[in-house]
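Asks: Input target-v6.txt, format and content: compact mmCIF, C-alpha atoms.
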```
# COMPACT_ATOMS: atom_id res chain seq x y z
CA GLU A 1174 48.14 -72.76 27.20
CA PRO A 1175 45.62 -73.55 24.43
CA GLU A 1176 45.43 -70.94 21.69
CA VAL A 1177 43.13 -69.85 18.91
CA THR A 1178 45.08 -70.18 15.67
CA GLN A 1179 44.35 -68.33 12.46
CA THR A 1180 45.65 -68.88 8.96
CA PRO A 1181 46.97 -67.26 6.90
CA SER A 1182 48.52 -64.39 8.83
CA HIS A 1183 48.33 -62.20 5.74
CA GLN A 1184 46.16 -62.58 2.65
CA VAL A 1185 46.28 -60.40 -0.42
CA THR A 1186 43.44 -60.68 -2.90
CA GLN A 1187 42.03 -58.79 -5.83
CA MET A 1188 38.72 -56.98 -5.65
CA GLY A 1189 35.86 -59.27 -6.57
CA GLN A 1190 37.63 -62.46 -5.56
CA GLU A 1191 36.39 -64.87 -2.93
CA VAL A 1192 38.49 -65.32 0.19
CA ILE A 1193 38.27 -67.81 3.05
CA LEU A 1194 39.82 -67.03 6.40
CA ARG A 1195 40.48 -69.99 8.64
CA CYS A 1196 40.48 -70.41 12.38
CA VAL A 1197 40.99 -73.28 14.79
CA PRO A 1198 39.28 -72.38 18.07
CA ILE A 1199 40.29 -73.81 21.41
CA SER A 1200 39.15 -77.41 21.44
CA ASN A 1201 36.61 -77.43 24.28
CA HIS A 1202 35.08 -74.08 23.40
CA LEU A 1203 31.52 -73.90 22.16
CA TYR A 1204 31.08 -70.28 21.08
CA PHE A 1205 32.90 -68.79 18.11
CA TYR A 1206 33.19 -65.25 16.85
CA TRP A 1207 34.63 -63.10 14.10
CA TYR A 1208 35.66 -59.52 14.72
CA ARG A 1209 37.48 -57.15 12.43
CA GLN A 1210 39.63 -54.05 12.83
CA ILE A 1211 40.08 -51.65 9.95
CA LEU A 1212 43.44 -49.90 10.24
CA GLY A 1213 43.22 -47.06 12.74
CA GLN A 1214 39.64 -47.91 13.76
CA LYS A 1215 37.94 -49.78 16.57
CA VAL A 1216 37.56 -53.53 16.77
CA GLU A 1217 34.07 -54.36 15.44
CA PHE A 1218 31.86 -57.39 16.01
CA LEU A 1219 30.89 -59.32 12.90
CA VAL A 1220 29.21 -62.56 13.94
CA SER A 1221 28.79 -65.09 16.71
CA PHE A 1222 28.23 -68.80 16.11
CA TYR A 1223 26.95 -71.53 18.40
CA ASN A 1224 25.57 -75.00 17.86
CA ASN A 1225 26.22 -74.81 14.12
CA GLU A 1226 24.27 -71.67 13.54
CA ILE A 1227 24.68 -67.92 13.70
CA SER A 1228 23.49 -66.60 17.05
CA GLU A 1229 23.98 -62.95 16.23
CA LYS A 1230 25.40 -60.84 13.42
CA SER A 1231 26.11 -57.17 12.93
CA GLU A 1232 24.93 -54.93 10.12
CA ILE A 1233 28.40 -55.30 8.60
CA PHE A 1234 27.81 -59.03 8.11
CA ASP A 1235 25.76 -58.84 4.92
CA ASP A 1236 25.10 -61.45 2.22
CA GLN A 1237 28.72 -61.27 1.09
CA PHE A 1238 29.82 -62.89 4.33
CA SER A 1239 29.25 -66.41 5.55
CA VAL A 1240 30.63 -68.61 8.32
CA GLU A 1241 30.97 -72.32 8.57
CA ARG A 1242 32.24 -74.99 10.89
CA PRO A 1243 33.03 -77.63 8.27
CA ASP A 1244 34.41 -80.15 10.72
CA GLY A 1245 34.99 -80.51 14.45
CA SER A 1246 37.95 -78.18 14.58
CA ASN A 1247 37.86 -75.44 11.93
CA PHE A 1248 35.76 -72.28 11.82
CA THR A 1249 35.84 -70.26 8.62
CA LEU A 1250 34.81 -66.83 7.40
CA LYS A 1251 34.11 -66.50 3.69
CA ILE A 1252 33.83 -63.24 1.83
CA ARG A 1253 32.21 -63.95 -1.51
CA SER A 1254 33.25 -60.96 -3.58
CA THR A 1255 35.79 -58.81 -1.80
CA LYS A 1256 35.70 -55.03 -1.88
CA LEU A 1257 38.44 -52.54 -1.13
CA GLU A 1258 36.71 -51.63 2.14
CA ASP A 1259 36.98 -55.23 3.32
CA SER A 1260 40.69 -54.64 3.91
CA ALA A 1261 41.16 -55.11 7.64
CA MET A 1262 42.56 -57.37 10.33
CA TYR A 1263 40.10 -60.18 10.97
CA PHE A 1264 40.15 -61.78 14.40
CA CYS A 1265 38.64 -65.11 15.31
CA ALA A 1266 37.71 -65.70 18.95
CA SER A 1267 36.23 -68.47 21.03
CA SER A 1268 34.85 -68.99 24.51
CA PRO A 1269 33.58 -71.97 26.49
CA SER A 1270 30.33 -70.14 27.23
CA PRO A 1271 28.76 -66.87 26.08
CA GLU A 1272 31.20 -63.98 26.31
CA GLY A 1273 31.78 -63.02 29.87
CA VAL A 1274 29.22 -65.35 31.33
CA TYR A 1275 30.59 -67.33 34.24
CA ASN A 1276 33.72 -65.17 34.03
CA SER A 1277 34.84 -66.73 30.76
CA PRO A 1278 36.59 -64.08 28.69
CA LEU A 1279 37.08 -64.32 24.96
CA HIS A 1280 40.24 -65.88 23.60
CA PHE A 1281 41.38 -64.18 20.42
CA GLY A 1282 43.64 -65.43 17.67
CA ASN A 1283 46.48 -63.31 16.25
CA GLY A 1284 44.39 -62.28 13.28
CA THR A 1285 44.54 -62.43 9.49
CA ARG A 1286 45.46 -59.21 7.76
CA LEU A 1287 43.37 -59.07 4.58
CA THR A 1288 44.48 -56.66 1.88
CA VAL A 1289 42.14 -56.17 -1.07
CA THR A 1290 43.75 -54.52 -4.11
CA LYS B 422 23.45 -46.97 20.74
CA GLN B 423 26.33 -47.92 23.01
CA GLU B 424 29.52 -45.90 22.51
CA VAL B 425 32.79 -46.64 24.30
CA THR B 426 35.43 -43.93 24.65
CA GLN B 427 38.95 -44.26 25.98
CA ILE B 428 41.14 -41.46 27.28
CA PRO B 429 43.95 -40.74 26.72
CA ALA B 430 44.49 -42.00 23.18
CA ALA B 431 48.22 -42.28 23.82
CA LEU B 432 50.47 -42.16 26.84
CA SER B 433 54.24 -42.16 27.20
CA VAL B 434 55.73 -42.58 30.67
CA PRO B 435 59.03 -43.48 32.31
CA GLU B 436 59.40 -46.89 33.85
CA GLY B 437 58.12 -47.22 37.41
CA GLU B 438 55.19 -44.83 37.16
CA ASN B 439 51.69 -45.77 38.27
CA LEU B 440 49.16 -45.27 35.49
CA VAL B 441 45.44 -44.80 35.12
CA LEU B 442 43.68 -45.52 31.84
CA ASN B 443 40.09 -44.39 31.47
CA CYS B 444 37.10 -45.91 29.72
CA SER B 445 33.59 -44.50 29.51
CA PHE B 446 30.41 -45.92 28.01
CA THR B 447 27.15 -44.19 27.19
CA ASP B 448 24.62 -46.88 28.16
CA SER B 449 24.91 -48.23 31.70
CA ALA B 450 22.88 -51.35 30.83
CA ILE B 451 25.93 -53.56 30.43
CA TYR B 452 26.45 -57.19 31.33
CA ASN B 453 30.18 -56.87 31.92
CA LEU B 454 33.28 -54.93 30.94
CA GLN B 455 36.60 -56.35 29.81
CA TRP B 456 40.06 -54.89 29.45
CA PHE B 457 42.28 -56.30 26.72
CA ARG B 458 45.88 -55.81 25.71
CA GLN B 459 46.83 -55.66 22.03
CA ASP B 460 50.43 -56.00 20.91
CA PRO B 461 51.42 -55.03 17.34
CA GLY B 462 50.69 -57.87 14.92
CA LYS B 463 49.12 -59.93 17.66
CA GLY B 464 45.63 -60.71 18.83
CA LEU B 465 43.83 -59.39 21.86
CA THR B 466 44.71 -60.77 25.27
CA SER B 467 42.04 -60.55 27.96
CA LEU B 468 43.42 -58.90 31.10
CA LEU B 469 40.46 -58.45 33.42
CA LEU B 470 36.74 -59.04 33.27
CA ILE B 471 34.36 -57.22 35.61
CA GLN B 472 30.76 -58.33 35.88
CA SER B 473 28.16 -55.57 36.17
CA SER B 474 27.55 -56.48 39.81
CA GLN B 475 31.24 -56.09 40.71
CA ARG B 476 33.19 -52.94 41.57
CA GLU B 477 36.71 -54.06 40.79
CA GLN B 478 39.00 -56.87 39.75
CA THR B 479 42.72 -57.31 40.36
CA SER B 480 45.38 -59.33 38.63
CA GLY B 481 48.98 -58.80 39.68
CA ARG B 482 49.91 -55.15 39.04
CA LEU B 483 46.59 -54.50 37.30
CA ASN B 484 43.43 -53.27 38.95
CA ALA B 485 40.24 -52.45 37.09
CA SER B 486 37.30 -50.64 38.63
CA LEU B 487 33.76 -50.26 37.36
CA ASP B 488 31.19 -47.59 38.17
CA LYS B 489 28.27 -48.75 36.10
CA SER B 490 25.89 -45.96 37.08
CA SER B 491 28.27 -43.28 35.87
CA GLY B 492 29.40 -45.29 32.85
CA ARG B 493 33.08 -45.42 33.77
CA SER B 494 35.89 -47.87 34.25
CA THR B 495 39.54 -47.34 35.03
CA LEU B 496 42.53 -49.61 34.57
CA TYR B 497 45.27 -48.96 37.07
CA ILE B 498 48.76 -50.23 36.27
CA ALA B 499 51.18 -50.17 39.18
CA ALA B 500 54.94 -49.77 38.78
CA SER B 501 54.88 -49.75 34.98
CA GLN B 502 57.54 -51.66 33.03
CA PRO B 503 58.71 -51.44 29.40
CA GLY B 504 57.00 -54.79 28.80
CA ASP B 505 53.67 -53.10 29.53
CA SER B 506 54.00 -51.14 26.30
CA ALA B 507 50.97 -52.05 24.17
CA THR B 508 47.51 -50.81 23.27
CA TYR B 509 44.91 -51.30 25.98
CA LEU B 510 41.32 -51.80 24.87
CA CYS B 511 38.17 -51.56 26.90
CA ALA B 512 35.05 -53.43 25.75
CA VAL B 513 31.53 -53.76 27.12
CA ARG B 514 29.07 -56.55 26.64
CA ILE B 515 25.63 -55.02 26.49
CA SER B 516 22.81 -56.70 28.34
CA GLY B 517 19.53 -57.90 26.94
CA GLY B 518 20.65 -61.16 25.43
CA TYR B 519 23.20 -59.70 23.05
CA ASN B 520 26.31 -61.73 22.57
CA LYS B 521 28.88 -59.23 21.38
CA LEU B 522 31.43 -56.78 22.69
CA ILE B 523 31.54 -53.06 21.89
CA PHE B 524 35.13 -51.81 21.88
CA GLY B 525 36.76 -48.51 22.57
CA ALA B 526 39.51 -47.19 20.32
CA GLY B 527 42.20 -47.98 22.87
CA THR B 528 45.00 -46.24 24.72
CA ARG B 529 48.46 -46.71 23.21
CA LEU B 530 50.93 -46.97 26.08
CA ALA B 531 54.70 -46.59 25.79
CA VAL B 532 56.81 -47.19 28.89
CA HIS B 533 60.42 -46.18 28.39
CA PRO B 534 63.37 -47.27 30.52
```
Do you think you could lay out the structure here as structure tokens?
Replies:
Amino acid sequence: EPEVTQTPSHQVTQMGQEVILRCVPISNHLYFYWYRQILGQKVEFLVSFYNNEISEKSEIFDDQFSVERPDGSNFTLKIRSTKLEDSAMYFCASSPSPEGVYNSPLHFGNGTRLTVT
Amino acid sequence: KQEVTQIPAALSVPEGENLVLNCSFTDSAIYNLQWFRQDPGKGLTSLLLIQSSQREQTSGRLNASLDKSSGRSTLYIAASQPGDSATYLCAVRISGGYNKLIFGAGTRLAVHP
């Protein structure tokens, strides 16, 4: 079964450094998402992306965050200057159509654990 | 603002028991509700998706119901097995053109032999 793949599985970075999290969505999917889960907290929506532009973003997704689909297969999340509170598990997800429309659930990757020291 | 609550936070049961996990949401204006399973160190696996117009969905030993007007959903797991041990998350997609899911904190389930 096709999968969403994320790399790396664990990233350690120093505060203030830039980090890029990478995702390869399922190949025929059109909608892409980033969610995050701070340890012990709920999964939170960050951003959705369709047709090469952001379709929605949360208040968490400030100017320090950006997303890009640099080629036909990768989808990246960049954090420009990491802060301690950015430490979390970051999940990429994709769907063939908007979440839940036409009974198409989200497919999540296994996540990248980001640790900011 | 939509809030999703799951009860209980944790559950430990012997193998073979039938289980009910509860999810409640504060705003009934939802597009759909999804149940996910999260294993340690893994991503989220979609289990069942219920559209707002539906009352329930079934997949194998899993049955999810939705009562939109009262803001509640339940996930019923029949004849639980140790392999069912995981965290179960409930998430709602709010209506009005929004394209995101609001998650509950999850129920951590342990099924022991």
Asks: Please produce, as CSV, a per-residue contact table for chain A versus chain B (criterion: any atom at most 9 Å away, all atoms listed in the file considered), showing the nearest atom pair and its distance in Å to one decimal, sorted by chain then residue number.
Replies:
```
residue,atom,partner,partner_atom,distance
A:Tyr1206,CA,B:Lys521,CA,8.7
A:Gly1213,CA,B:Ala526,CA,8.4
A:Gln1214,CA,B:Ala526,CA,6.6
A:Lys1215,CA,B:Ala526,CA,4.8
A:Val1216,CA,B:Phe524,CA,5.9
A:Glu1217,CA,B:Phe524,CA,7.0
A:Phe1218,CA,B:Lys521,CA,6.4
A:Leu1219,CA,B:Lys521,CA,8.7
A:Val1220,CA,B:Lys521,CA,8.2
A:Ser1221,CA,B:Asn520,CA,7.2
A:Ser1228,CA,B:Asn520,CA,7.9
A:Glu1229,CA,B:Asn520,CA,6.9
A:Lys1230,CA,B:Lys521,CA,8.8
A:Phe1264,CA,B:Gly464,CA,7.1
A:Cys1265,CA,B:Gly464,CA,9.0
A:Pro1271,CA,B:Asn520,CA,6.7
A:Glu1272,CA,B:Asn520,CA,6.6
A:Gly1273,CA,B:Asn453,CA,6.7
A:Val1274,CA,B:Gln472,CA,8.5
A:Asn1276,CA,B:Leu470,CA,6.9
A:Ser1277,CA,B:Leu470,CA,8.3
A:Pro1278,CA,B:Ser467,CA,6.5
A:Leu1279,CA,B:Ser467,CA,6.9
A:His1280,CA,B:Thr466,CA,7.0
A:Phe1281,CA,B:Leu465,CA,5.6
A:Gly1282,CA,B:Gly464,CA,5.3
A:Asn1283,CA,B:Gly464,CA,3.8
A:Gly1284,CA,B:Gly464,CA,5.9
A:Arg1286,CA,B:Gly462,CA,9.0
```
Asks: Excluding B:Val441 and any residue of its chain fewer than 6 positions from it, enumerate the residues within 9 Å of it, using only C-alpha atoms, and give them as a list in words.
Replies: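 Contacts, in chain order: Thr495, Leu496, Tyr497, Ile498 and Ala499 of chain B.
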Asks: Which one of A:Ile1211, A:Tyr1223, A:Ser1260, A:Gln1179 sits closest to A:Glu1241 if you count all atoms listed in the file?
Replies: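 Between A:Ile1211, A:Tyr1223, A:Ser1260, A:Gln1179, the residue approaching A:Glu1241 most closely is A:Tyr1223.
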Asks: Looking at all atoms listed in the file, which of B:Ile515, B:Arg493, B:Tyr509, B:His533 is the one that sits closest to B:Ala430?
Replies: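 Closest to B:Ala430 of all the choices is B:Tyr509.
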Asks: What is the distance, in Å and to one decimal place, between atom CA of B:Val434 and atom CA of B:Val532?
Replies: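 If I compute the distance from atom CA of B:Val434 to atom CA of B:Val532, I get 5.1 Å.
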Asks: Using only C-alpha atoms, which of the listed residues (B:Ala531, B:Leu440, B:Ala431, B:Ile451) sits closest to B:Leu487?
Replies: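 So, comparing all the options, the nearest one is B:Ile451.
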Asks: A:Leu1287, A:Met1262, A:Ser1254, A:Ser1268: which is nearest A:Gln1190, counting only C-alpha atoms?
Replies: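 Closest candidate: A:Ser1254.
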Asks: Quick check, in Å to one decimal: how far apart do atom CA of B:Gln478 and atom CA of B:Leu442 lie?
Replies: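 Computed distance, atom CA of B:Gln478 to atom CA of B:Leu442, equals 14.6 Å.
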Asks: Using only C-alpha atoms, find the one residue out of A:Glu1232, A:Ser1267, A:Thr1180, A:Ser1246 that sits nearest to A:Val1192.
Replies: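 Of all the options, A:Thr1180 lies closest to A:Val1192.
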Asks: Please, could N, CA, C and O atoms be added to stretch 477-498 of chain B and the result written as a short mmCIF file (atom, residue, chain, number, x, y, z; two decimals), keeping the file's coordinate frame?
Replies:
```cif
data_model
loop_
_atom_site.label_atom_id
_atom_site.label_comp_id
_atom_site.auth_asym_id
_atom_site.auth_seq_id
_atom_site.Cartn_x
_atom_site.Cartn_y
_atom_site.Cartn_z
N GLU B 477 35.34 -54.02 41.28
CA GLU B 477 36.71 -54.06 40.79
C GLU B 477 37.23 -55.49 40.68
O GLU B 477 36.65 -56.42 41.26
N GLN B 478 38.31 -55.61 39.91
CA GLN B 478 39.00 -56.87 39.75
C GLN B 478 40.50 -56.56 39.74
O GLN B 478 40.92 -55.52 39.23
N THR B 479 41.27 -57.51 40.28
CA THR B 479 42.72 -57.31 40.36
C THR B 479 43.43 -58.53 39.82
O THR B 479 42.98 -59.67 40.02
N SER B 480 44.52 -58.25 39.10
CA SER B 480 45.38 -59.33 38.63
C SER B 480 46.81 -58.81 38.64
O SER B 480 47.18 -57.98 37.80
N GLY B 481 47.59 -59.25 39.59
CA GLY B 481 48.98 -58.80 39.68
C GLY B 481 49.06 -57.29 39.88
O GLY B 481 48.49 -56.74 40.81
N ARG B 482 49.75 -56.62 38.94
CA ARG B 482 49.91 -55.15 39.04
C ARG B 482 48.73 -54.39 38.43
O ARG B 482 48.75 -53.17 38.37
N LEU B 483 47.74 -55.12 37.95
CA LEU B 483 46.59 -54.50 37.30
C LEU B 483 45.39 -54.50 38.23
O LEU B 483 45.12 -55.49 38.90
N ASN B 484 44.68 -53.36 38.21
CA ASN B 484 43.43 -53.27 38.95
C ASN B 484 42.43 -52.51 38.09
O ASN B 484 42.74 -51.42 37.60
N ALA B 485 41.27 -53.11 37.88
CA ALA B 485 40.24 -52.45 37.09
C ALA B 485 39.04 -52.19 37.99
O ALA B 485 38.64 -53.05 38.76
N SER B 486 38.50 -50.99 37.87
CA SER B 486 37.30 -50.64 38.63
C SER B 486 36.16 -50.36 37.67
O SER B 486 36.37 -50.05 36.49
N LEU B 487 34.95 -50.50 38.17
CA LEU B 487 33.76 -50.26 37.36
C LEU B 487 32.75 -49.47 38.18
O LEU B 487 32.40 -49.86 39.29
N ASP B 488 32.30 -48.35 37.61
CA ASP B 488 31.19 -47.59 38.17
C ASP B 488 30.11 -47.56 37.10
O ASP B 488 30.11 -46.71 36.21
N LYS B 489 29.23 -48.56 37.17
CA LYS B 489 28.27 -48.75 36.10
C LYS B 489 27.31 -47.57 35.98
O LYS B 489 26.97 -47.14 34.88
N SER B 490 26.89 -47.02 37.12
CA SER B 490 25.89 -45.96 37.08
C SER B 490 26.41 -44.71 36.39
O SER B 490 25.64 -43.99 35.73
N SER B 491 27.71 -44.46 36.52
CA SER B 491 28.27 -43.28 35.87
C SER B 491 28.90 -43.61 34.52
O SER B 491 29.40 -42.72 33.83
N GLY B 492 28.89 -44.88 34.16
CA GLY B 492 29.40 -45.29 32.85
C GLY B 492 30.91 -45.17 32.73
O GLY B 492 31.41 -44.74 31.69
N ARG B 493 31.62 -45.58 33.79
CA ARG B 493 33.08 -45.42 33.77
C ARG B 493 33.80 -46.65 34.31
O ARG B 493 33.32 -47.32 35.21
N SER B 494 34.98 -46.87 33.74
CA SER B 494 35.89 -47.87 34.25
C SER B 494 37.30 -47.32 34.16
O SER B 494 37.61 -46.52 33.26
N THR B 495 38.14 -47.72 35.09
CA THR B 495 39.54 -47.34 35.03
C THR B 495 40.40 -48.58 35.14
O THR B 495 40.04 -49.54 35.82
N LEU B 496 41.51 -48.57 34.44
CA LEU B 496 42.53 -49.61 34.57
C LEU B 496 43.75 -48.97 35.20
O LEU B 496 44.32 -48.03 34.63
N TYR B 497 44.11 -49.48 36.34
CA TYR B 497 45.27 -48.96 37.07
C TYR B 497 46.42 -49.94 36.89
O TYR B 497 46.26 -51.14 37.13
N ILE B 498 47.56 -49.41 36.44
CA ILE B 498 48.76 -50.23 36.27
C ILE B 498 49.80 -49.71 37.26
O ILE B 498 50.23 -48.55 37.18
#
```
